[in-house]
Amino acid sequence: MSDWREPWLRARERIADLYGRHVGESIDVLPTPALVVDVDALQRNIATMMAALDGQTARLRPHTKVQKSPDIALMQVYAGAIGVTVASVWEAAAMAAADVGDILIANELVPPDRVAAAAALAAHARLTLAVDDARNIDALSAAMTSRGTEADVLVDVDVGMGRCGARSPEEALRLAAQVQAAPGLRLRGVMAYEGHCMLEPDPERRTRLAGRAMDHAASVKELFRAEGLPADTLSMGGTGTYNITGRNPQVTELQAGSYVFMDAFHGNLVPGFEVSLTVLTSVIARHGDTVILDAGRKSIGIDFVLPPMLGHDYVARYYAEEHALFDTDDRFRADIGDRVRLVSGYAPTTVNLHDVLFAVRDDQVVDVWPVFPRGPGHSGFLTSLERG
Ligand SMILES: Cc1ncc(COP(=O)(O)O)c(C=O)c1O
């Protein structure tokens, strides 16, 4: 097979081959730990987010680093998302290979392999890239020109998180003017990420902080316009600010992604979405009220919040590599061999630990979806894009 989509096509085949036998099975017999998606809850979350943006300026461009699943991304696009956001060019390649045609890579592409991959991939999908450095703009422009491709570009502006992004409006304007003059690149506007607001538990303070972040990003966009530069797009936001950023008329794209699964971290911050992703575990020991499950840090993300049990408020004593230990009480009935579902602390670092998402309806497996690409590597796309 010589096709730039080969890594994705192979991943899909491999997952169907190795895990397809579980389709039709009850989750009571699924080997644990298993990553399980309740398809009905997932679809309700997708519909709830679309309804929340109904009538707003902002259109949804969901961040798909959360689920790393082209199957779910396509469901979001069919429901009305304008395209997707991804964190890496390899995630972009997987989405494009699965026919998601409009992709924002919300991260600086600097190492030469990623620049070259973006230039190659731009032949197969509409790509939007984020930049915050003059040298990087030169490199992207040169790569696009030599490949004969083009990409849209947003100038990344830091709005208080202190991660990537131009540190001042003047710097952003210089970068925008450079992009505008660069062959192979089309200036579209501004990208920002108010990540520092997502962690703010107090909704009023979060609203104030996010308001400041949006005003800053919007003022940079207006500055581009005042200088005669194209600036139709302001792309920002996440699940923690979807009902703040998503309602601001200055924002044209909302990058919320975690709402599809609703992990414990986001669930504590924003009500209104259902837990659709769980890790199905087995009880492997019970000593009095101390219950030990067969899922640890190798199967569930514990960033920000220790994963709780679905439907219980017991707090985990700890998570080891392959064990979760809960102190329960005499109301807790599960004994060895029984199944218990955990809500991930943080979905993006849970999904990444698994090969496959088991799509489930009424506790029966209805499909198997590859988690792709897993990990930070290129998953074969470096080679296939070079060849293709
Ligand atoms: C650039 C960017 N946009 C948006 C998001 C929001 O994603 P979520 O909805 O999962 O909070 C993130 C999360 O890390 C991000 O890094």
# chains A, B, ... in the order shown; residues from 1 in each chain; ligands from 1

call {"tool": "closest_atom_pairs", "arguments": {"of": "chain A", "to": "ligand 1", "cutoff": "6 Å", "atoms": "only C-alpha atoms and all ligand atoms", "output": "CSV"}}
result
residue,atom,partner,partner_atom_place_in_ligand_line,distance
A:His63,CA,ligand 1,7 (O),5.6
A:Val66,CA,ligand 1,10 (O),5.9
A:Ala106,CA,ligand 1,1 (C),5.1
A:Tyr193,CA,ligand 1,1 (C),5.3
A:Gly237,CA,ligand 1,4 (C),5.5
A:Gly238,CA,ligand 1,6 (C),3.6
A:Thr239,CA,ligand 1,9 (O),3.7
A:Gly240,CA,ligand 1,11 (O),5.8
A:Gln255,CA,ligand 1,4 (C),4.7
A:Ala256,CA,ligand 1,9 (O),3.5
A:Gly257,CA,ligand 1,9 (O),3.6
A:Ser258,CA,ligand 1,10 (O),3.8

call {"tool": "write_last_selection", "arguments": {"atoms": "all heavy atoms", "output": "JSON list (two decimals), in the first residue's frame"}}
result
[["chain", "number", "residue", "atom", "x", "y", "z"],
["A", 63, "HIS", "N", -11.65, 20.79, 19.97],
["A", 63, "HIS", "CA", -10.28, 20.27, 20.13],
["A", 63, "HIS", "C", -10.36, 18.76, 20.25],
["A", 63, "HIS", "O", -10.96, 18.24, 21.18],
["A", 63, "HIS", "CB", -9.60, 20.88, 21.35],
["A", 63, "HIS", "CG", -8.12, 20.98, 21.16],
["A", 63, "HIS", "ND1", -7.38, 19.96, 20.60],
["A", 63, "HIS", "CD2", -7.24, 21.96, 21.45],
["A", 63, "HIS", "CE1", -6.10, 20.32, 20.55],
["A", 63, "HIS", "NE2", -5.99, 21.54, 21.05],
["A", 66, "VAL", "N", -8.45, 15.63, 22.79],
["A", 66, "VAL", "CA", -9.12, 15.04, 23.94],
["A", 66, "VAL", "C", -9.43, 13.56, 23.68],
["A", 66, "VAL", "O", -9.18, 12.70, 24.52],
["A", 66, "VAL", "CB", -10.44, 15.79, 24.23],
["A", 66, "VAL", "CG1", -11.20, 15.15, 25.37],
["A", 66, "VAL", "CG2", -10.18, 17.26, 24.48],
["A", 106, "ALA", "N", -3.44, 23.93, 16.64],
["A", 106, "ALA", "CA", -3.35, 25.04, 17.60],
["A", 106, "ALA", "C", -2.06, 24.95, 18.41],
["A", 106, "ALA", "O", -2.08, 24.98, 19.64],
["A", 106, "ALA", "CB", -4.57, 25.01, 18.51],
["A", 193, "TYR", "N", -5.40, 31.28, 23.65],
["A", 193, "TYR", "CA", -5.95, 30.25, 24.54],
["A", 193, "TYR", "C", -5.89, 30.75, 25.98],
["A", 193, "TYR", "O", -4.80, 30.99, 26.51],
["A", 193, "TYR", "CB", -5.19, 28.92, 24.37],
["A", 193, "TYR", "CG", -5.74, 27.86, 25.30],
["A", 193, "TYR", "CD1", -7.10, 27.57, 25.28],
["A", 193, "TYR", "CD2", -4.93, 27.18, 26.19],
["A", 193, "TYR", "CE1", -7.64, 26.62, 26.14],
["A", 193, "TYR", "CE2", -5.45, 26.23, 27.05],
["A", 193, "TYR", "CZ", -6.81, 25.95, 27.02],
["A", 193, "TYR", "OH", -7.33, 25.03, 27.88],
["A", 237, "GLY", "N", -10.79, 29.53, 23.36],
["A", 237, "GLY", "CA", -11.79, 28.94, 24.26],
["A", 237, "GLY", "C", -11.66, 27.45, 24.47],
["A", 237, "GLY", "O", -11.02, 26.73, 23.69],
["A", 238, "GLY", "N", -12.26, 27.00, 25.56],
["A", 238, "GLY", "CA", -12.26, 25.58, 25.90],
["A", 238, "GLY", "C", -13.54, 25.25, 26.63],
["A", 238, "GLY", "O", -14.43, 26.11, 26.80],
["A", 239, "THR", "N", -13.65, 24.02, 27.10],
["A", 239, "THR", "CA", -14.86, 23.59, 27.79],
["A", 239, "THR", "C", -15.11, 24.43, 29.04],
["A", 239, "THR", "O", -16.24, 24.80, 29.33],
["A", 239, "THR", "CB", -14.73, 22.09, 28.14],
["A", 239, "THR", "OG1", -14.60, 21.37, 26.91],
["A", 239, "THR", "CG2", -15.93, 21.59, 28.91],
["A", 240, "GLY", "N", -14.04, 24.76, 29.75],
["A", 240, "GLY", "CA", -14.19, 25.53, 30.99],
["A", 240, "GLY", "C", -14.73, 26.94, 30.77],
["A", 240, "GLY", "O", -15.23, 27.57, 31.70],
["A", 255, "GLN", "N", -12.89, 26.49, 20.65],
["A", 255, "GLN", "CA", -12.08, 25.27, 20.54],
["A", 255, "GLN", "C", -12.41, 24.22, 21.62],
["A", 255, "GLN", "O", -11.58, 23.35, 21.88],
["A", 255, "GLN", "CB", -10.60, 25.62, 20.64],
["A", 255, "GLN", "CG", -10.08, 26.48, 19.51],
["A", 255, "GLN", "CD", -8.64, 26.92, 19.71],
["A", 255, "GLN", "OE1", -7.94, 26.42, 20.59],
["A", 255, "GLN", "NE2", -8.19, 27.85, 18.91],
["A", 256, "ALA", "N", -13.55, 24.29, 22.26],
["A", 256, "ALA", "CA", -13.87, 23.35, 23.34],
["A", 256, "ALA", "C", -13.84, 21.90, 22.85],
["A", 256, "ALA", "O", -14.30, 21.61, 21.75],
["A", 256, "ALA", "CB", -15.25, 23.66, 23.90],
["A", 257, "GLY", "N", -13.28, 21.01, 23.66],
["A", 257, "GLY", "CA", -13.19, 19.61, 23.25],
["A", 257, "GLY", "C", -13.60, 18.62, 24.33],
["A", 257, "GLY", "O", -14.25, 17.62, 24.05],
["A", 258, "SER", "N", -13.27, 18.93, 25.60],
["A", 258, "SER", "CA", -13.50, 17.94, 26.66],
["A", 258, "SER", "C", -14.97, 17.66, 26.93],
["A", 258, "SER", "O", -15.31, 16.65, 27.55],
["A", 258, "SER", "CB", -12.83, 18.41, 27.96],
["A", 258, "SER", "OG", -11.44, 18.30, 27.84]]

call {"tool": "select_by_dssp", "arguments": {"residues": "segment 170-386 of chain A", "states": "strand (DSSP E or B)", "output": "NGL selection string"}}
result
:A and (185-192 or 233-236 or 253-254 or 277-287 or 290-293 or 309 or 316-319 or 324-327 or 339-343 or 356-361 or 364-370)

call {"tool": "residues_around", "arguments": {"residues": "Arg135 of chain A", "least_positions_apart": "4", "cutoff": "10 Å", "atoms": "only C-alpha atoms", "output": "number ranges by chain"}}
result
A: 110, 131, 139-141, 175

call {"tool": "atom_distance", "arguments": {"atom1": "atom CA of Asn352 of chain A", "atom2": "atom CA of Thr48 of chain A"}}
result
25.2 Å

call {"tool": "residues_around", "arguments": {"residues": "Thr349 of chain A", "least_positions_apart": "3", "cutoff": "8 Å", "atoms": "only C-alpha atoms", "output": "list in words"}}
result
Val66, Ile300, Gly301, Ile302, Asp303, Tyr346, Asn352 and Leu353 of chain A

call {"tool": "residues_around", "arguments": {"residues": "segment 117-128 of chain A", "least_positions_apart": "5", "cutoff": "10 Å", "atoms": "only C-alpha atoms", "output": "ChimeraX atom specification"}}
result
/A:4-5,83,85,88-90,92-93,95-97,99-106,109,112,140-154,184-188,378,381-388

call {"tool": "residues_around", "arguments": {"residues": "Gly162 of chain A", "least_positions_apart": "4", "cutoff": "10 Å", "atoms": "only C-alpha atoms", "output": "list in words"}}
result
Val157, Asp158, Ala166, Arg167, Tyr193, Glu194, Gly195 and His196 of chain A

call {"tool": "residues_around", "arguments": {"residues": "Ile72 of chain A", "least_positions_apart": "6", "cutoff": "10 Å", "atoms": "only C-alpha atoms", "output": "PDB file with N, CA, C and O atoms, in the first residue's frame"}}
result
ATOM      1  N   VAL A  39     -22.303   5.847  23.833  1.00  0.00           N
ATOM      2  CA  VAL A  39     -22.555   6.597  22.589  1.00  0.00           C
ATOM      3  C   VAL A  39     -23.733   7.561  22.742  1.00  0.00           C
ATOM      4  O   VAL A  39     -23.691   8.694  22.236  1.00  0.00           O
ATOM      5  N   LEU A  42     -22.555  10.532  24.686  1.00  0.00           N
ATOM      6  CA  LEU A  42     -21.652  11.292  23.816  1.00  0.00           C
ATOM      7  C   LEU A  42     -22.463  12.155  22.844  1.00  0.00           C
ATOM      8  O   LEU A  42     -22.197  13.353  22.670  1.00  0.00           O
ATOM      9  N   GLN A  43     -23.470  11.546  22.229  1.00  0.00           N
ATOM     10  CA  GLN A  43     -24.263  12.298  21.243  1.00  0.00           C
ATOM     11  C   GLN A  43     -25.073  13.405  21.906  1.00  0.00           C
ATOM     12  O   GLN A  43     -25.240  14.479  21.333  1.00  0.00           O
ATOM     13  N   ILE A  46     -22.686  16.238  22.398  1.00  0.00           N
ATOM     14  CA  ILE A  46     -22.439  16.925  21.124  1.00  0.00           C
ATOM     15  C   ILE A  46     -23.616  17.868  20.814  1.00  0.00           C
ATOM     16  O   ILE A  46     -23.436  19.032  20.447  1.00  0.00           O
ATOM     17  N   THR A  64      -9.720  18.059  19.294  1.00  0.00           N
ATOM     18  CA  THR A  64      -9.862  16.606  19.252  1.00  0.00           C
ATOM     19  C   THR A  64      -8.649  15.884  19.834  1.00  0.00           C
ATOM     20  O   THR A  64      -8.575  14.658  19.753  1.00  0.00           O
ATOM     21  N   TYR A  78     -20.488  16.195  11.549  1.00  0.00           N
ATOM     22  CA  TYR A  78     -21.838  15.952  11.012  1.00  0.00           C
ATOM     23  C   TYR A  78     -22.884  16.727  11.823  1.00  0.00           C
ATOM     24  O   TYR A  78     -23.922  17.121  11.304  1.00  0.00           O
ATOM     25  N   VAL A 260     -17.139  16.497  25.153  1.00  0.00           N
ATOM     26  CA  VAL A 260     -17.666  15.246  24.577  1.00  0.00           C
ATOM     27  C   VAL A 260     -17.634  14.111  25.598  1.00  0.00           C
ATOM     28  O   VAL A 260     -18.519  13.273  25.616  1.00  0.00           O
ATOM     29  N   TRP A 369     -13.464   1.828  18.145  1.00  0.00           N
ATOM     30  CA  TRP A 369     -12.878   3.002  17.489  1.00  0.00           C
ATOM     31  C   TRP A 369     -11.399   3.109  17.867  1.00  0.00           C
ATOM     32  O   TRP A 369     -11.065   3.134  19.071  1.00  0.00           O
TER      33      TRP A 369
END

call {"tool": "closest_residue", "arguments": {"among": "A:Val356, A:Val115, A:Val343, A:Leu209", "to": "Leu18 of chain A", "atoms": "only C-alpha atoms"}}
result
A:Val356

call {"tool": "closest_residue", "arguments": {"among": "A:Ala73, A:Leu280, A:Ala192, A:Val86", "to": "Thr245 of chain A", "atoms": "only C-alpha atoms"}}
result
A:Ala192
